[in-house]
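Text of entry.pdb, listed as PDB, C-alpha atoms:
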ATOM      1  CA  MET A   1     -43.633 -21.531   5.612  1.00  0.00           C
ATOM      2  CA  ARG A   2     -45.938 -23.442   3.281  1.00  0.00           C
ATOM      3  CA  ILE A   3     -44.871 -21.337   0.297  1.00  0.00           C
ATOM      4  CA  LEU A   4     -41.146 -22.080   0.655  1.00  0.00           C
ATOM      5  CA  PRO A   5     -41.239 -25.441  -1.198  1.00  0.00           C
ATOM      6  CA  LEU A   6     -43.128 -23.753  -4.040  1.00  0.00           C
ATOM      7  CA  VAL A   7     -40.203 -21.396  -4.646  1.00  0.00           C
ATOM      8  CA  GLY A   8     -37.593 -24.118  -4.226  1.00  0.00           C
ATOM      9  CA  VAL A   9     -36.563 -23.407  -0.637  1.00  0.00           C
ATOM     10  CA  PHE A  10     -36.630 -26.366   1.713  1.00  0.00           C
ATOM     11  CA  ALA A  11     -35.736 -24.875   5.094  1.00  0.00           C
ATOM     12  CA  PHE A  12     -36.076 -27.919   7.320  1.00  0.00           C
ATOM     13  CA  GLU A  13     -34.709 -30.673   5.089  1.00  0.00           C
ATOM     14  CA  THR A  14     -31.117 -31.872   5.183  1.00  0.00           C
ATOM     15  CA  SER A  15     -29.078 -31.418   2.060  1.00  0.00           C
ATOM     16  CA  SER A  16     -27.115 -34.149   0.354  1.00  0.00           C
ATOM     17  CA  GLU A  17     -24.656 -31.585  -1.018  1.00  0.00           C
ATOM     18  CA  THR A  18     -21.438 -30.898   0.812  1.00  0.00           C
ATOM     19  CA  ILE A  19     -20.656 -27.236   1.240  1.00  0.00           C
ATOM     20  CA  LYS A  20     -17.009 -26.486   0.605  1.00  0.00           C
ATOM     21  CA  PRO A  21     -15.492 -23.306   1.972  1.00  0.00           C
ATOM     22  CA  ALA A  22     -14.455 -20.758  -0.630  1.00  0.00           C
ATOM     23  CA  LYS A  23     -10.755 -20.426  -1.286  1.00  0.00           C
ATOM     24  CA  ILE A  24      -9.446 -17.162   0.050  1.00  0.00           C
ATOM     25  CA  PRO A  25      -6.516 -15.869  -1.992  1.00  0.00           C
ATOM     26  CA  GLN A  26      -3.290 -15.488  -0.060  1.00  0.00           C
ATOM     27  CA  SER A  27      -2.271 -11.892   0.428  1.00  0.00           C
ATOM     28  CA  PRO A  28       1.283 -11.065  -0.594  1.00  0.00           C
ATOM     29  CA  LYS A  29       3.703 -11.306   2.272  1.00  0.00           C
ATOM     30  CA  SER A  30       4.485  -7.888   3.663  1.00  0.00           C
ATOM     31  CA  PRO A  31       8.152  -7.133   4.234  1.00  0.00           C
ATOM     32  CA  ALA A  32       9.574  -7.376   7.717  1.00  0.00           C
ATOM     33  CA  GLU A  33      10.284  -4.052   9.373  1.00  0.00           C
ATOM     34  CA  ASP A  34      14.042  -4.538   9.072  1.00  0.00           C
ATOM     35  CA  GLU A  35      13.671  -4.950   5.283  1.00  0.00           C
ATOM     36  CA  ILE A  36      11.980  -1.573   4.766  1.00  0.00           C
ATOM     37  CA  ASP A  37      14.576   0.799   3.318  1.00  0.00           C
ATOM     38  CA  THR A  38      12.498   3.234   1.225  1.00  0.00           C
ATOM     39  CA  VAL A  39      10.479   6.269   2.195  1.00  0.00           C
ATOM     40  CA  ILE A  40       7.671   7.370  -0.151  1.00  0.00           C
ATOM     41  CA  VAL A  41       6.824  11.061  -0.192  1.00  0.00           C
ATOM     42  CA  PRO A  42       3.815  12.714  -1.852  1.00  0.00           C
ATOM     43  CA  ALA A  43       4.601  15.601  -4.207  1.00  0.00           C
ATOM     44  CA  HIS A  44       2.586  18.203  -6.042  1.00  0.00           C
ATOM     45  CA  GLU A  45       4.028  19.313  -9.372  1.00  0.00           C
ATOM     46  CA  GLU A  46       5.613  22.522  -8.022  1.00  0.00           C
ATOM     47  CA  GLY A  47       7.277  20.815  -5.047  1.00  0.00           C
ATOM     48  CA  PHE A  48       8.509  17.982  -7.226  1.00  0.00           C
ATOM     49  CA  GLU A  49      10.160  20.301  -9.752  1.00  0.00           C
ATOM     50  CA  LYS A  50      11.533  22.734  -7.183  1.00  0.00           C
ATOM     51  CA  GLY A  51      12.767  20.327  -4.511  1.00  0.00           C
ATOM     52  CA  PHE A  52      13.340  16.861  -5.888  1.00  0.00           C
ATOM     53  CA  GLN A  53      14.546  17.773  -9.370  1.00  0.00           C
ATOM     54  CA  GLY A  54      15.743  21.332  -8.810  1.00  0.00           C
ATOM     55  CA  GLN A  55      17.672  20.985  -5.541  1.00  0.00           C
ATOM     56  CA  ASN A  56      18.163  17.194  -5.330  1.00  0.00           C
ATOM     57  CA  CYS A  57      16.575  17.188  -1.894  1.00  0.00           C
ATOM     58  CA  TRP A  58      13.268  16.772  -0.148  1.00  0.00           C
ATOM     59  CA  TYR A  59      11.532  18.699   2.573  1.00  0.00           C
ATOM     60  CA  GLU A  60      11.095  17.847   6.219  1.00  0.00           C
ATOM     61  CA  ILE A  61       9.160  14.666   6.933  1.00  0.00           C
ATOM     62  CA  ARG A  62       8.626  12.673  10.121  1.00  0.00           C
ATOM     63  CA  ILE A  63      10.682   9.526  10.467  1.00  0.00           C
ATOM     64  CA  ALA A  64      11.130   7.614  13.714  1.00  0.00           C
ATOM     65  CA  ALA A  65      14.676   7.977  15.065  1.00  0.00           C
ATOM     66  CA  GLU A  66      15.298   4.224  15.030  1.00  0.00           C
ATOM     67  CA  LYS A  67      14.456   4.085  11.304  1.00  0.00           C
ATOM     68  CA  LEU A  68      16.726   6.917  10.148  1.00  0.00           C
ATOM     69  CA  ASP A  69      19.764   4.724   9.561  1.00  0.00           C
ATOM     70  CA  LYS A  70      17.688   2.162   7.600  1.00  0.00           C
ATOM     71  CA  ILE A  71      16.499   4.603   4.915  1.00  0.00           C
ATOM     72  CA  LYS A  72      18.451   4.001   1.691  1.00  0.00           C
ATOM     73  CA  TYR A  73      16.023   5.269  -0.970  1.00  0.00           C
ATOM     74  CA  ILE A  74      13.380   7.921  -1.502  1.00  0.00           C
ATOM     75  CA  ALA A  75      10.468   7.453  -3.913  1.00  0.00           C
ATOM     76  CA  VAL A  76       8.226  10.289  -5.073  1.00  0.00           C
ATOM     77  CA  TYR A  77       4.487   9.744  -5.428  1.00  0.00           C
ATOM     78  CA  ARG A  78       3.248  12.490  -7.713  1.00  0.00           C
ATOM     79  CA  THR A  79      -0.310  13.524  -6.937  1.00  0.00           C
ATOM     80  CA  ALA A  80      -3.103  14.112  -9.456  1.00  0.00           C
ATOM     81  CA  PRO A  81      -3.175  14.201 -12.410  1.00  0.00           C
ATOM     82  CA  VAL A  82      -0.162  11.803 -12.497  1.00  0.00           C
ATOM     83  CA  SER A  83      -1.107   9.742  -9.409  1.00  0.00           C
ATOM     84  CA  ALA A  84       1.903   7.426  -9.503  1.00  0.00           C
ATOM     85  CA  ILE A  85       5.384   6.886  -8.154  1.00  0.00           C
ATOM     86  CA  THR A  86       7.490   8.292 -10.958  1.00  0.00           C
ATOM     87  CA  HIS A  87      10.980   8.802  -9.537  1.00  0.00           C
ATOM     88  CA  PHE A  88      13.273   7.328  -6.923  1.00  0.00           C
ATOM     89  CA  ALA A  89      16.794   8.035  -5.804  1.00  0.00           C
ATOM     90  CA  PRO A  90      19.339   6.869  -3.249  1.00  0.00           C
ATOM     91  CA  VAL A  91      19.482   8.877  -0.025  1.00  0.00           C
ATOM     92  CA  HIS A  92      22.963  10.267   0.590  1.00  0.00           C
ATOM     93  CA  HIS A  93      22.266  11.749   4.013  1.00  0.00           C
ATOM     94  CA  ILE A  94      19.432  12.912   6.255  1.00  0.00           C
ATOM     95  CA  GLU A  95      19.698  16.211   8.094  1.00  0.00           C
ATOM     96  CA  PRO A  96      17.839  16.681  11.380  1.00  0.00           C
TER      97      PRO A  96
END

Please go through the file and, once you have read it, give me the structure as structure tokens.
Amino acid sequence: MRILPLVGVFAFETSSETIKPAKIPQSPKSPAEDEIDTVIVPAHEEGFEKGFQGQNCWYEIRIAAEKLDKIKYIAVYRTAPVSAITHFAPVHHIEP
């Protein structure tokens, strides 16, 4: 404890400085559930070319029954090496 003042640490003295809390950046507001109208599907190159571009469709995915009528768009996330959403399209219909 005697060495603390030598290194500039004064553990038992009160400080005259006021400590202000750091500003925490606001996170972007997430959309309400009723505003979500897009499903994002991951695609490897072969599946993307064969299904999305070749047949204008996508394969079976799980979607809760109460959300089926809210889906208006599909977006394709292409996996590595692209690693990005590159295409989107309106959904005409969903088959069970």

Counting all atoms listed in the file, which residues have an atom no more than 12 Å from (15.8, 2.8, 8.8) in the file's coordinates? Please list them as a PDB file with C-alpha atoms, keeping the file's coordinate frame.
ATOM      1  CA  ALA A  32       9.574  -7.376   7.717  1.00  0.00           C
ATOM      2  CA  GLU A  33      10.284  -4.052   9.373  1.00  0.00           C
ATOM      3  CA  ASP A  34      14.042  -4.538   9.072  1.00  0.00           C
ATOM      4  CA  GLU A  35      13.671  -4.950   5.283  1.00  0.00           C
ATOM      5  CA  ILE A  36      11.980  -1.573   4.766  1.00  0.00           C
ATOM      6  CA  ASP A  37      14.576   0.799   3.318  1.00  0.00           C
ATOM      7  CA  THR A  38      12.498   3.234   1.225  1.00  0.00           C
ATOM      8  CA  VAL A  39      10.479   6.269   2.195  1.00  0.00           C
ATOM      9  CA  ILE A  63      10.682   9.526  10.467  1.00  0.00           C
ATOM     10  CA  ALA A  64      11.130   7.614  13.714  1.00  0.00           C
ATOM     11  CA  ALA A  65      14.676   7.977  15.065  1.00  0.00           C
ATOM     12  CA  GLU A  66      15.298   4.224  15.030  1.00  0.00           C
ATOM     13  CA  LYS A  67      14.456   4.085  11.304  1.00  0.00           C
ATOM     14  CA  LEU A  68      16.726   6.917  10.148  1.00  0.00           C
ATOM     15  CA  ASP A  69      19.764   4.724   9.561  1.00  0.00           C
ATOM     16  CA  LYS A  70      17.688   2.162   7.600  1.00  0.00           C
ATOM     17  CA  ILE A  71      16.499   4.603   4.915  1.00  0.00           C
ATOM     18  CA  LYS A  72      18.451   4.001   1.691  1.00  0.00           C
ATOM     19  CA  TYR A  73      16.023   5.269  -0.970  1.00  0.00           C
ATOM     20  CA  ILE A  74      13.380   7.921  -1.502  1.00  0.00           C
ATOM     21  CA  VAL A  91      19.482   8.877  -0.025  1.00  0.00           C
ATOM     22  CA  ILE A  94      19.432  12.912   6.255  1.00  0.00           C
TER      23      ILE A  94
END

For this structure, which residues satisfy the selection - the PyMOL selection byres ((chain A and resi 79) around 10) - when it is evaluated on the file as given? I want them as a PDB file with C-alpha atoms, in the coordinates of the input.
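Output saved as result_22.pdb:
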ATOM      1  CA  PRO A  42       3.815  12.714  -1.852  1.00  0.00           C
ATOM      2  CA  ALA A  43       4.601  15.601  -4.207  1.00  0.00           C
ATOM      3  CA  HIS A  44       2.586  18.203  -6.042  1.00  0.00           C
ATOM      4  CA  GLU A  45       4.028  19.313  -9.372  1.00  0.00           C
ATOM      5  CA  PHE A  48       8.509  17.982  -7.226  1.00  0.00           C
ATOM      6  CA  VAL A  76       8.226  10.289  -5.073  1.00  0.00           C
ATOM      7  CA  TYR A  77       4.487   9.744  -5.428  1.00  0.00           C
ATOM      8  CA  ARG A  78       3.248  12.490  -7.713  1.00  0.00           C
ATOM      9  CA  ALA A  80      -3.103  14.112  -9.456  1.00  0.00           C
ATOM     10  CA  PRO A  81      -3.175  14.201 -12.410  1.00  0.00           C
ATOM     11  CA  VAL A  82      -0.162  11.803 -12.497  1.00  0.00           C
ATOM     12  CA  SER A  83      -1.107   9.742  -9.409  1.00  0.00           C
ATOM     13  CA  ALA A  84       1.903   7.426  -9.503  1.00  0.00           C
ATOM     14  CA  ILE A  85       5.384   6.886  -8.154  1.00  0.00           C
TER      15      ILE A  85
END

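Closest to Phe52 in chain A among A:His87, A:Pro25, A:Pro31, A:Ile40 is A:His87, based on only C-alpha atoms.
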
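The gap separating CA of Ala75 in chain A from CA of Ala89 in chain A is 6.6 Å, in Å to one decimal.
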
task: To one decimal in Å, tell me the separation between CA of Val41 in chain A and CA of Gln26 in chain A.
output: 28.4 Å

Assuming 8 Å of padding per side, give the centre and edge lengths of the axis-aligned box around every listed atom of range 66-74 of chain A, in Å to one decimal and as AutoDock Vina command-line options.
--center_x 16.6 --center_y 5.0 --center_z 6.8 --size_x 22.4 --size_y 21.8 --size_z 32.5

Enumerate, as a PDB file with C-alpha atoms, in the coordinates of the input, the residues matched when the PyMOL selection byres ((chain A and resi 56) around 12) is run on the file above.
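Saved the output as part.pdb:
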ATOM      1  CA  GLY A  47       7.277  20.815  -5.047  1.00  0.00           C
ATOM      2  CA  PHE A  48       8.509  17.982  -7.226  1.00  0.00           C
ATOM      3  CA  GLU A  49      10.160  20.301  -9.752  1.00  0.00           C
ATOM      4  CA  LYS A  50      11.533  22.734  -7.183  1.00  0.00           C
ATOM      5  CA  GLY A  51      12.767  20.327  -4.511  1.00  0.00           C
ATOM      6  CA  PHE A  52      13.340  16.861  -5.888  1.00  0.00           C
ATOM      7  CA  GLN A  53      14.546  17.773  -9.370  1.00  0.00           C
ATOM      8  CA  GLY A  54      15.743  21.332  -8.810  1.00  0.00           C
ATOM      9  CA  GLN A  55      17.672  20.985  -5.541  1.00  0.00           C
ATOM     10  CA  CYS A  57      16.575  17.188  -1.894  1.00  0.00           C
ATOM     11  CA  TRP A  58      13.268  16.772  -0.148  1.00  0.00           C
ATOM     12  CA  TYR A  59      11.532  18.699   2.573  1.00  0.00           C
ATOM     13  CA  ILE A  74      13.380   7.921  -1.502  1.00  0.00           C
ATOM     14  CA  HIS A  87      10.980   8.802  -9.537  1.00  0.00           C
ATOM     15  CA  PHE A  88      13.273   7.328  -6.923  1.00  0.00           C
ATOM     16  CA  ALA A  89      16.794   8.035  -5.804  1.00  0.00           C
ATOM     17  CA  PRO A  90      19.339   6.869  -3.249  1.00  0.00           C
ATOM     18  CA  VAL A  91      19.482   8.877  -0.025  1.00  0.00           C
ATOM     19  CA  HIS A  92      22.963  10.267   0.590  1.00  0.00           C
ATOM     20  CA  HIS A  93      22.266  11.749   4.013  1.00  0.00           C
TER      21      HIS A  93
END
